[in-house]
Amino acid sequence: MQRLFKTQQKDTLSRNAVSIHSRLSAGVVMALIIVCFMSAGCAFFQRNETGTSENASEKEAVLLVAFGVSDPKQTKPYRNLERIVKDRLPDALIRWAYTSDKIRQKLAGQGIPVPSPEQAIKDLRAQGVAHLTVQSLHVIPGHEYEDLIEAVNRHRSDFKYLVVGKPLLSSVPDAERVIEILLKNIPERKPGEALILMGHGTSHAADFTYVAVDAMLRQKDSQAFFGTVEGHPTFDDVLAHCLKAGVKNAVLAPFMVVAGDHAHNDMGGNDPDSWKSRLGAEGVAARPVYRGLAEVDALAGVFVDHLMIARSGQEERH
Ligand code: CO
């Protein structure tokens, strides 16, 4: 994340430098500086962070809101997603926020401050942003998403235009699309090998989404199974399906935006409690792969489509 923010800053600086040098000769710069000191509301010095001098009331930003990841080396899926958003909206400011208090605290302790959604919204307002699209990078509309909506609602009146894009799985067509893309994007899976996906799971009613994903996945591919760490279906459900189907070899992959702690420990770790170990103890040799969903362009694209729909106002506001 730190690297991500540093890159943004560097890009901004170099863009500023290029625009200044290419457009203005030294003499013109001097004249401008003099005029600016004379006029209090000089737009030249009110330049926003993208290096443009547009009117503050037209300034647009995108706030990408993820659960967060505590190891900055694991942000590759986030960076991939950001790249796609930048391609689609080259003139918008792009900022990040993490919803997990624990992860933000851990990162702050390492000198990597990442704001909460509410803090990021306040900061963007303070920078003169009037048009804000907040995109949830959560998998399901669960607790984290609801908290995000509440934070956004507290700041409705601060913006001219404020919308929130929905999480990855917000409809049955979303789930169909995600499953189809995912089944085509696990190159490590060899013919005849089963696929076991690990989702997060939740105490929120949106846990039903995962139960549906499991059923939809098995309908598409009789050798593909889905379970969650903290909700339903459970690991025992996955194991029962695998044993019934006579699975001997499987690829084990996270169904999470980022391959973080759960993927590295609960899924593919060497502890006797990990899914890999427990499957192994039952005669299922499982090879873990660590690719966050947003690392696959087409899957990151589902989030970006949600963002663009929200931004266009075609969807009901929350
Ligand atoms: Co967790």
# chains A, B, ... in the order shown; residues from 1 in each chain; ligands from 1
>>> residues_near_ligand(ligand="ligand 1", cutoff="8 Å", atoms="only C-alpha atoms and all ligand atoms", output="MDAnalysis selection string")
chainID A and resid 200 229:230 262
>>> write_last_selection(atoms="C-alpha atoms", output="mmCIF file, in the first residue's frame")
data_model
loop_
_atom_site.group_PDB
_atom_site.id
_atom_site.type_symbol
_atom_site.label_atom_id
_atom_site.label_comp_id
_atom_site.auth_asym_id
_atom_site.auth_seq_id
_atom_site.Cartn_x
_atom_site.Cartn_y
_atom_site.Cartn_z
ATOM 1 C CA HIS A 200 -14.572 -15.877 3.806
ATOM 2 C CA VAL A 229 -13.598 -20.077 6.697
ATOM 3 C CA GLU A 230 -16.139 -18.381 8.915
ATOM 4 C CA HIS A 262 -6.700 -16.683 5.428
#
>>> select_by_dssp(residues="stretch 67-183 of chain A", states="strand (DSSP E)", output="list in words")
Leu93, Ile94, Arg95, Trp96, Ala97, Tyr98, His131, Leu132, Thr133, Val134, Gln135, Ser136, Tyr161, Leu162, Val163, Val164 and Gly165 of chain A
>>> write_last_selection(atoms="all heavy atoms", output="compact mmCIF listing (two decimals), in the first residue's frame")
# COMPACT_ATOMS: atom_id res chain seq x y z
N LEU A 93 -9.38 11.63 -9.39
CA LEU A 93 -8.45 11.31 -8.31
C LEU A 93 -8.82 9.92 -7.82
O LEU A 93 -10.02 9.61 -7.72
CB LEU A 93 -8.70 12.23 -7.11
CG LEU A 93 -8.22 13.66 -7.09
CD1 LEU A 93 -8.71 14.31 -5.80
CD2 LEU A 93 -6.71 13.68 -7.12
N ILE A 94 -7.84 9.09 -7.51
CA ILE A 94 -8.16 7.75 -6.97
C ILE A 94 -7.55 7.64 -5.59
O ILE A 94 -6.36 7.89 -5.42
CB ILE A 94 -7.65 6.65 -7.90
CG1 ILE A 94 -8.30 6.78 -9.29
CG2 ILE A 94 -7.94 5.26 -7.30
CD1 ILE A 94 -7.77 5.82 -10.33
N ARG A 95 -8.37 7.29 -4.63
CA ARG A 95 -7.90 7.14 -3.26
C ARG A 95 -8.36 5.80 -2.70
O ARG A 95 -9.30 5.20 -3.19
CB ARG A 95 -8.46 8.28 -2.38
CG ARG A 95 -7.87 9.63 -2.72
CD ARG A 95 -6.38 9.71 -2.33
NE ARG A 95 -5.80 10.99 -2.66
CZ ARG A 95 -5.18 11.27 -3.81
NH1 ARG A 95 -5.09 10.35 -4.76
NH2 ARG A 95 -4.67 12.46 -4.02
N TRP A 96 -7.67 5.35 -1.64
CA TRP A 96 -7.98 4.07 -1.01
C TRP A 96 -8.40 4.25 0.44
O TRP A 96 -7.91 5.16 1.12
CB TRP A 96 -6.74 3.16 -1.02
CG TRP A 96 -6.50 2.53 -2.35
CD1 TRP A 96 -5.80 3.07 -3.39
CD2 TRP A 96 -6.97 1.26 -2.80
NE1 TRP A 96 -5.80 2.20 -4.46
CE2 TRP A 96 -6.51 1.08 -4.12
CE3 TRP A 96 -7.74 0.25 -2.20
CZ2 TRP A 96 -6.79 -0.07 -4.86
CZ3 TRP A 96 -8.03 -0.89 -2.94
CH2 TRP A 96 -7.55 -1.04 -4.25
N ALA A 97 -9.24 3.34 0.91
CA ALA A 97 -9.54 3.26 2.34
C ALA A 97 -9.72 1.78 2.67
O ALA A 97 -10.12 0.99 1.81
CB ALA A 97 -10.80 4.04 2.67
N TYR A 98 -9.40 1.42 3.91
CA TYR A 98 -9.61 0.04 4.38
C TYR A 98 -10.69 0.05 5.45
O TYR A 98 -10.69 0.91 6.33
CB TYR A 98 -8.32 -0.51 5.01
CG TYR A 98 -7.23 -0.90 4.04
CD1 TYR A 98 -5.99 -1.29 4.52
CD2 TYR A 98 -7.43 -0.90 2.66
CE1 TYR A 98 -4.96 -1.66 3.66
CE2 TYR A 98 -6.42 -1.28 1.79
CZ TYR A 98 -5.18 -1.66 2.30
OH TYR A 98 -4.17 -2.02 1.45
N HIS A 131 -17.66 15.52 -6.59
CA HIS A 131 -18.27 14.39 -7.28
C HIS A 131 -17.50 13.14 -6.86
O HIS A 131 -16.35 12.95 -7.25
CB HIS A 131 -18.17 14.62 -8.79
CG HIS A 131 -18.85 13.58 -9.63
ND1 HIS A 131 -18.51 12.25 -9.60
CD2 HIS A 131 -19.85 13.69 -10.54
CE1 HIS A 131 -19.28 11.58 -10.45
NE2 HIS A 131 -20.10 12.43 -11.03
N LEU A 132 -18.13 12.33 -6.02
CA LEU A 132 -17.40 11.18 -5.45
C LEU A 132 -18.13 9.87 -5.71
O LEU A 132 -19.32 9.74 -5.41
CB LEU A 132 -17.21 11.39 -3.94
CG LEU A 132 -16.56 10.25 -3.15
CD1 LEU A 132 -15.15 9.95 -3.67
CD2 LEU A 132 -16.50 10.59 -1.66
N THR A 133 -17.40 8.92 -6.28
CA THR A 133 -17.91 7.56 -6.41
C THR A 133 -17.11 6.68 -5.45
O THR A 133 -15.89 6.60 -5.56
CB THR A 133 -17.75 7.03 -7.85
OG1 THR A 133 -18.38 7.94 -8.75
CG2 THR A 133 -18.40 5.66 -7.99
N VAL A 134 -17.81 6.07 -4.52
CA VAL A 134 -17.17 5.16 -3.57
C VAL A 134 -17.42 3.76 -4.10
O VAL A 134 -18.57 3.40 -4.38
CB VAL A 134 -17.80 5.33 -2.17
CG1 VAL A 134 -17.19 4.36 -1.17
CG2 VAL A 134 -17.64 6.77 -1.67
N GLN A 135 -16.36 2.98 -4.28
CA GLN A 135 -16.57 1.61 -4.76
C GLN A 135 -16.20 0.61 -3.67
O GLN A 135 -15.07 0.57 -3.21
CB GLN A 135 -15.76 1.33 -6.03
CG GLN A 135 -15.90 -0.10 -6.54
CD GLN A 135 -17.36 -0.51 -6.83
OE1 GLN A 135 -18.10 0.24 -7.44
NE2 GLN A 135 -17.78 -1.68 -6.36
N SER A 136 -17.17 -0.19 -3.28
CA SER A 136 -16.92 -1.26 -2.31
C SER A 136 -16.16 -2.38 -3.01
O SER A 136 -16.56 -2.85 -4.07
CB SER A 136 -18.27 -1.80 -1.80
OG SER A 136 -18.11 -3.11 -1.30
N TYR A 161 -22.44 15.25 -5.64
CA TYR A 161 -22.81 13.95 -6.19
C TYR A 161 -22.03 12.88 -5.44
O TYR A 161 -20.80 12.92 -5.41
CB TYR A 161 -22.45 13.92 -7.68
CG TYR A 161 -23.03 12.75 -8.43
CD1 TYR A 161 -24.37 12.73 -8.80
CD2 TYR A 161 -22.22 11.67 -8.76
CE1 TYR A 161 -24.90 11.66 -9.49
CE2 TYR A 161 -22.75 10.58 -9.47
CZ TYR A 161 -24.08 10.59 -9.82
OH TYR A 161 -24.61 9.53 -10.51
N LEU A 162 -22.74 11.95 -4.82
CA LEU A 162 -22.07 10.92 -4.03
C LEU A 162 -22.81 9.60 -4.22
O LEU A 162 -24.01 9.50 -3.90
CB LEU A 162 -22.07 11.33 -2.55
CG LEU A 162 -21.53 10.34 -1.51
CD1 LEU A 162 -20.09 9.95 -1.82
CD2 LEU A 162 -21.59 10.95 -0.12
N VAL A 163 -22.13 8.61 -4.76
CA VAL A 163 -22.76 7.31 -5.01
C VAL A 163 -21.83 6.19 -4.55
O VAL A 163 -20.62 6.40 -4.40
CB VAL A 163 -23.09 7.11 -6.52
CG1 VAL A 163 -24.29 7.94 -6.93
CG2 VAL A 163 -21.89 7.42 -7.39
N VAL A 164 -22.42 5.01 -4.33
CA VAL A 164 -21.63 3.86 -3.88
C VAL A 164 -21.84 2.71 -4.86
O VAL A 164 -22.99 2.35 -5.15
CB VAL A 164 -22.04 3.40 -2.47
CG1 VAL A 164 -21.15 2.26 -1.99
CG2 VAL A 164 -21.98 4.55 -1.48
N GLY A 165 -20.75 2.14 -5.35
CA GLY A 165 -20.83 0.97 -6.22
C GLY A 165 -20.91 -0.30 -5.39
O GLY A 165 -20.32 -0.41 -4.32
>>> residues_around(residues="A:Ala253", least_positions_apart="4", cutoff="9 Å", atoms="only C-alpha atoms", output="PDB file with all heavy atoms, in the first residue's frame")
ATOM      1  N   ILE A 186      -7.911 -20.425 -13.725  1.00  0.00           N
ATOM      2  CA  ILE A 186      -7.038 -21.106 -12.768  1.00  0.00           C
ATOM      3  C   ILE A 186      -6.104 -21.980 -13.606  1.00  0.00           C
ATOM      4  O   ILE A 186      -6.336 -23.191 -13.747  1.00  0.00           O
ATOM      5  CB  ILE A 186      -7.841 -21.958 -11.746  1.00  0.00           C
ATOM      6  CG1 ILE A 186      -9.011 -21.156 -11.178  1.00  0.00           C
ATOM      7  CG2 ILE A 186      -6.910 -22.550 -10.675  1.00  0.00           C
ATOM      8  CD1 ILE A 186      -9.000 -20.764  -9.754  1.00  0.00           C
ATOM      9  N   LEU A 195     -11.322 -28.646  -8.133  1.00  0.00           N
ATOM     10  CA  LEU A 195     -11.031 -27.275  -7.693  1.00  0.00           C
ATOM     11  C   LEU A 195     -11.786 -27.029  -6.392  1.00  0.00           C
ATOM     12  O   LEU A 195     -12.982 -27.294  -6.303  1.00  0.00           O
ATOM     13  CB  LEU A 195     -11.501 -26.270  -8.754  1.00  0.00           C
ATOM     14  CG  LEU A 195     -11.419 -24.791  -8.358  1.00  0.00           C
ATOM     15  CD1 LEU A 195      -9.973 -24.340  -8.192  1.00  0.00           C
ATOM     16  CD2 LEU A 195     -12.142 -23.917  -9.396  1.00  0.00           C
ATOM     17  N   ILE A 196     -11.053 -26.555  -5.392  1.00  0.00           N
ATOM     18  CA  ILE A 196     -11.702 -26.218  -4.119  1.00  0.00           C
ATOM     19  C   ILE A 196     -11.452 -24.736  -3.847  1.00  0.00           C
ATOM     20  O   ILE A 196     -10.300 -24.289  -3.811  1.00  0.00           O
ATOM     21  CB  ILE A 196     -11.155 -27.074  -2.959  1.00  0.00           C
ATOM     22  CG1 ILE A 196     -11.431 -28.556  -3.244  1.00  0.00           C
ATOM     23  CG2 ILE A 196     -11.772 -26.650  -1.625  1.00  0.00           C
ATOM     24  CD1 ILE A 196     -10.735 -29.513  -2.283  1.00  0.00           C
ATOM     25  N   LEU A 197     -12.531 -23.979  -3.698  1.00  0.00           N
ATOM     26  CA  LEU A 197     -12.415 -22.543  -3.454  1.00  0.00           C
ATOM     27  C   LEU A 197     -12.741 -22.229  -2.006  1.00  0.00           C
ATOM     28  O   LEU A 197     -13.681 -22.795  -1.437  1.00  0.00           O
ATOM     29  CB  LEU A 197     -13.378 -21.775  -4.362  1.00  0.00           C
ATOM     30  CG  LEU A 197     -13.114 -21.881  -5.866  1.00  0.00           C
ATOM     31  CD1 LEU A 197     -14.260 -21.240  -6.651  1.00  0.00           C
ATOM     32  CD2 LEU A 197     -11.781 -21.217  -6.231  1.00  0.00           C
ATOM     33  N   MET A 198     -11.956 -21.313  -1.426  1.00  0.00           N
ATOM     34  CA  MET A 198     -12.214 -20.890  -0.057  1.00  0.00           C
ATOM     35  C   MET A 198     -12.676 -19.431  -0.025  1.00  0.00           C
ATOM     36  O   MET A 198     -11.921 -18.520  -0.349  1.00  0.00           O
ATOM     37  CB  MET A 198     -10.952 -21.023   0.801  1.00  0.00           C
ATOM     38  CG  MET A 198     -11.171 -20.543   2.229  1.00  0.00           C
ATOM     39  SD  MET A 198      -9.630 -20.197   3.091  1.00  0.00           S
ATOM     40  CE  MET A 198      -9.572 -21.569   4.227  1.00  0.00           C
ATOM     41  N   ALA A 259      -5.221 -12.504  -1.719  1.00  0.00           N
ATOM     42  CA  ALA A 259      -4.764 -13.723  -1.043  1.00  0.00           C
ATOM     43  C   ALA A 259      -3.948 -13.298   0.175  1.00  0.00           C
ATOM     44  O   ALA A 259      -2.746 -13.067   0.085  1.00  0.00           O
ATOM     45  CB  ALA A 259      -3.928 -14.567  -2.000  1.00  0.00           C
ATOM     46  N   ALA A 263      -5.791 -17.097   3.222  1.00  0.00           N
ATOM     47  CA  ALA A 263      -5.293 -17.959   2.139  1.00  0.00           C
ATOM     48  C   ALA A 263      -3.982 -18.625   2.560  1.00  0.00           C
ATOM     49  O   ALA A 263      -3.807 -19.838   2.398  1.00  0.00           O
ATOM     50  CB  ALA A 263      -5.094 -17.141   0.872  1.00  0.00           C
ATOM     51  N   MET A 267      -6.003 -21.706   4.590  1.00  0.00           N
ATOM     52  CA  MET A 267      -6.198 -22.506   3.377  1.00  0.00           C
ATOM     53  C   MET A 267      -4.977 -23.373   3.082  1.00  0.00           C
ATOM     54  O   MET A 267      -5.053 -24.596   3.105  1.00  0.00           O
ATOM     55  CB  MET A 267      -6.500 -21.588   2.187  1.00  0.00           C
ATOM     56  CG  MET A 267      -6.883 -22.331   0.921  1.00  0.00           C
ATOM     57  SD  MET A 267      -6.911 -21.248  -0.539  1.00  0.00           S
ATOM     58  CE  MET A 267      -5.183 -21.257  -1.007  1.00  0.00           C
ATOM     59  N   GLY A 268      -3.865 -22.734   2.805  1.00  0.00           N
ATOM     60  CA  GLY A 268      -2.724 -23.495   2.280  1.00  0.00           C
ATOM     61  C   GLY A 268      -1.577 -23.701   3.258  1.00  0.00           C
ATOM     62  O   GLY A 268      -0.538 -24.240   2.869  1.00  0.00           O
ATOM     63  N   ARG A 287      -3.203 -28.784  -3.852  1.00  0.00           N
ATOM     64  CA  ARG A 287      -2.123 -27.844  -4.146  1.00  0.00           C
ATOM     65  C   ARG A 287      -2.658 -26.432  -4.037  1.00  0.00           C
ATOM     66  O   ARG A 287      -3.535 -26.042  -4.811  1.00  0.00           O
ATOM     67  CB  ARG A 287      -1.603 -28.051  -5.571  1.00  0.00           C
ATOM     68  CG  ARG A 287      -0.814 -29.318  -5.766  1.00  0.00           C
ATOM     69  CD  ARG A 287      -0.190 -29.375  -7.148  1.00  0.00           C
ATOM     70  NE  ARG A 287      -1.198 -29.390  -8.206  1.00  0.00           N
ATOM     71  CZ  ARG A 287      -1.284 -28.498  -9.172  1.00  0.00           C
ATOM     72  NH1 ARG A 287      -0.428 -27.499  -9.236  1.00  0.00           N
ATOM     73  NH2 ARG A 287      -2.226 -28.586 -10.094  1.00  0.00           N
ATOM     74  N   PRO A 288      -2.152 -25.643  -3.089  1.00  0.00           N
ATOM     75  CA  PRO A 288      -2.669 -24.276  -2.972  1.00  0.00           C
ATOM     76  C   PRO A 288      -2.118 -23.346  -4.044  1.00  0.00           C
ATOM     77  O   PRO A 288      -0.948 -23.455  -4.423  1.00  0.00           O
ATOM     78  CB  PRO A 288      -2.199 -23.821  -1.588  1.00  0.00           C
ATOM     79  CG  PRO A 288      -1.067 -24.712  -1.227  1.00  0.00           C
ATOM     80  CD  PRO A 288      -1.168 -25.973  -2.041  1.00  0.00           C
ATOM     81  N   VAL A 289      -2.965 -22.448  -4.544  1.00  0.00           N
ATOM     82  CA  VAL A 289      -2.492 -21.341  -5.386  1.00  0.00           C
ATOM     83  C   VAL A 289      -2.956 -20.048  -4.705  1.00  0.00           C
ATOM     84  O   VAL A 289      -3.992 -20.028  -4.056  1.00  0.00           O
ATOM     85  CB  VAL A 289      -3.018 -21.409  -6.844  1.00  0.00           C
ATOM     86  CG1 VAL A 289      -2.534 -22.667  -7.533  1.00  0.00           C
ATOM     87  CG2 VAL A 289      -4.527 -21.304  -6.929  1.00  0.00           C
ATOM     88  N   TYR A 290      -2.134 -19.032  -4.820  1.00  0.00           N
ATOM     89  CA  TYR A 290      -2.419 -17.787  -4.103  1.00  0.00           C
ATOM     90  C   TYR A 290      -2.617 -16.636  -5.071  1.00  0.00           C
ATOM     91  O   TYR A 290      -1.682 -15.937  -5.400  1.00  0.00           O
ATOM     92  CB  TYR A 290      -1.264 -17.476  -3.142  1.00  0.00           C
ATOM     93  CG  TYR A 290      -1.028 -18.573  -2.136  1.00  0.00           C
ATOM     94  CD1 TYR A 290       0.007 -19.495  -2.313  1.00  0.00           C
ATOM     95  CD2 TYR A 290      -1.858 -18.709  -1.028  1.00  0.00           C
ATOM     96  CE1 TYR A 290       0.215 -20.520  -1.402  1.00  0.00           C
ATOM     97  CE2 TYR A 290      -1.659 -19.725  -0.108  1.00  0.00           C
ATOM     98  CZ  TYR A 290      -0.623 -20.632  -0.304  1.00  0.00           C
ATOM     99  OH  TYR A 290      -0.436 -21.637   0.596  1.00  0.00           O
ATOM    100  N   ARG A 291      -3.835 -16.528  -5.549  1.00  0.00           N
ATOM    101  CA  ARG A 291      -4.146 -15.430  -6.465  1.00  0.00           C
ATOM    102  C   ARG A 291      -5.437 -14.784  -5.984  1.00  0.00           C
ATOM    103  O   ARG A 291      -6.482 -15.439  -5.964  1.00  0.00           O
ATOM    104  CB  ARG A 291      -4.315 -15.964  -7.895  1.00  0.00           C
ATOM    105  CG  ARG A 291      -4.443 -14.850  -8.933  1.00  0.00           C
ATOM    106  CD  ARG A 291      -4.729 -15.359 -10.334  1.00  0.00           C
ATOM    107  NE  ARG A 291      -3.750 -16.305 -10.803  1.00  0.00           N
ATOM    108  CZ  ARG A 291      -3.918 -17.639 -10.875  1.00  0.00           C
ATOM    109  NH1 ARG A 291      -5.071 -18.184 -10.539  1.00  0.00           N
ATOM    110  NH2 ARG A 291      -2.963 -18.423 -11.287  1.00  0.00           N
ATOM    111  N   GLY A 292      -5.356 -13.529  -5.586  1.00  0.00           N
ATOM    112  CA  GLY A 292      -6.567 -12.817  -5.160  1.00  0.00           C
ATOM    113  C   GLY A 292      -7.471 -12.603  -6.366  1.00  0.00           C
ATOM    114  O   GLY A 292      -6.990 -12.513  -7.499  1.00  0.00           O
TER     115      GLY A 292
END
>>> residues_around(residues="A:His138", least_positions_apart="2", cutoff="7 Å", atoms="only C-alpha atoms", output="PyMOL selection string")
chain A and resi 66-67+136+140+145+167-168
>>> residues_around(residues="A:Glu144", least_positions_apart="5", cutoff="12 Å", atoms="only C-alpha atoms", output="JSON, numbers by chain")
{"A": [65, 66, 67, 68, 98, 99, 100, 101, 116, 117, 136, 137, 138, 139, 149, 150, 151, 166, 167, 202, 203, 204, 206]}
>>> write_last_selection(atoms="N, CA and C atoms", output="short mmCIF file (atom, residue, chain, number, x, y, z; two decimals), in the first residue's frame")
data_model
loop_
_atom_site.label_atom_id
_atom_site.label_comp_id
_atom_site.auth_asym_id
_atom_site.auth_seq_id
_atom_site.Cartn_x
_atom_site.Cartn_y
_atom_site.Cartn_z
N VAL A 65 -12.69 1.16 -1.63
CA VAL A 65 -12.78 0.75 -0.23
C VAL A 65 -12.70 -0.77 -0.12
N ALA A 66 -11.59 -1.24 0.42
CA ALA A 66 -11.38 -2.68 0.56
C ALA A 66 -11.37 -3.06 2.04
N PHE A 67 -11.49 -4.34 2.30
CA PHE A 67 -11.34 -4.81 3.68
C PHE A 67 -9.95 -4.44 4.18
N GLY A 68 -8.95 -4.67 3.30
CA GLY A 68 -7.57 -4.34 3.66
C GLY A 68 -6.73 -5.59 3.75
N TYR A 98 -9.40 1.42 3.91
CA TYR A 98 -9.61 0.04 4.38
C TYR A 98 -10.69 0.05 5.45
N THR A 99 -11.57 -0.93 5.39
CA THR A 99 -12.63 -0.98 6.41
C THR A 99 -12.18 -1.71 7.68
N SER A 100 -11.16 -2.53 7.61
CA SER A 100 -10.75 -3.29 8.80
C SER A 100 -9.92 -2.43 9.76
N ASP A 101 -10.48 -2.19 10.97
CA ASP A 101 -9.76 -1.41 11.99
C ASP A 101 -8.44 -2.09 12.34
N SER A 116 -9.59 5.20 7.17
CA SER A 116 -10.89 4.52 7.19
C SER A 116 -11.72 5.18 6.08
N PRO A 117 -12.82 4.55 5.67
CA PRO A 117 -13.65 5.19 4.64
C PRO A 117 -14.10 6.59 5.06
N SER A 136 -17.17 -0.19 -3.28
CA SER A 136 -16.92 -1.26 -2.31
C SER A 136 -16.16 -2.38 -3.01
N LEU A 137 -15.05 -2.79 -2.41
CA LEU A 137 -14.30 -3.93 -2.95
C LEU A 137 -14.51 -5.16 -2.07
N HIS A 138 -15.70 -5.24 -1.50
CA HIS A 138 -16.05 -6.41 -0.70
C HIS A 138 -16.68 -7.44 -1.63
N VAL A 139 -16.66 -8.70 -1.18
CA VAL A 139 -17.20 -9.77 -2.03
C VAL A 139 -18.73 -9.82 -1.95
N ILE A 149 -21.87 2.04 3.90
CA ILE A 149 -23.05 2.83 3.51
C ILE A 149 -23.40 3.84 4.62
N GLU A 150 -23.29 3.40 5.87
CA GLU A 150 -23.58 4.32 6.99
C GLU A 150 -22.61 5.50 7.00
N ALA A 151 -21.32 5.18 6.77
CA ALA A 151 -20.30 6.25 6.76
C ALA A 151 -20.60 7.23 5.62
N LYS A 166 -21.68 -1.26 -5.89
CA LYS A 166 -21.97 -2.47 -5.12
C LYS A 166 -20.81 -3.46 -5.06
N PRO A 167 -20.83 -4.35 -4.06
CA PRO A 167 -19.80 -5.39 -3.94
C PRO A 167 -19.81 -6.37 -5.12
N THR A 202 -19.55 -15.29 6.74
CA THR A 202 -19.94 -14.21 7.65
C THR A 202 -21.12 -14.61 8.51
N SER A 203 -21.29 -13.88 9.62
CA SER A 203 -22.47 -14.09 10.47
C SER A 203 -23.66 -13.29 9.90
N HIS A 204 -23.40 -12.43 8.91
CA HIS A 204 -24.44 -11.61 8.26
C HIS A 204 -25.32 -12.51 7.37
N ALA A 206 -26.04 -12.17 4.48
CA ALA A 206 -25.47 -12.31 3.14
C ALA A 206 -24.61 -13.57 3.00
#
>>> select_by_dssp(residues="stretch 57-306 of chain A", states="alpha helix (DSSP H)", output="VMD selection string")
chain A and resid 76 to 88 101 to 109 117 to 126 143 to 153 172 to 184 208 to 220 235 to 244 261 275 to 281 297 to 306
>>> closest_atom_pairs(of="stretch 228-275 of chain A", to="stretch 294-310 of chain A", cutoff="9 Å", atoms="only C-alpha atoms", output="JSON lines")
{"residue": "A:Met256", "atom": "CA", "partner": "A:Ala294", "partner_atom": "CA", "distance": 8.3}
{"residue": "A:Val257", "atom": "CA", "partner": "A:Ala294", "partner_atom": "CA", "distance": 5.3}
{"residue": "A:Val258", "atom": "CA", "partner": "A:Ala294", "partner_atom": "CA", "distance": 6.9}
>>> residues_around(residues="A:Glu118", least_positions_apart="2", cutoff="9 Å", atoms="only C-alpha atoms", output="tab-separated table (two decimals) with C-alpha atoms, in the first residue's frame")
chain	number	residue	atom	x	y	z
A	97	ALA	CA	-9.54	3.26	2.34
A	115	PRO	CA	-7.52	5.91	6.17
A	116	SER	CA	-10.89	4.52	7.19
A	120	ALA	CA	-10.97	9.34	3.38
A	121	ILE	CA	-14.38	10.87	2.57
A	122	LYS	CA	-13.62	13.83	4.87
A	123	ASP	CA	-10.17	14.28	3.33
A	148	LEU	CA	-19.55	1.74	4.55
A	151	ALA	CA	-20.30	6.25	6.76
A	152	VAL	CA	-21.28	7.55	3.31
A	154	ARG	CA	-23.20	10.73	7.25
A	155	HIS	CA	-21.58	12.83	4.48
>>> closest_residue(among="A:Ser170, A:Gln74, A:Ser222, A:Asn249", to="A:Arg189", atoms="only C-alpha atoms")
A:Asn249
>>> atom_distance(atom1="atom CA of A:Leu243", atom2="atom CA of A:Gly199")
19.9 Å
>>> atom_distance(atom1="atom CA of A:Leu239", atom2="atom CA of A:Leu279")
7.1 Å
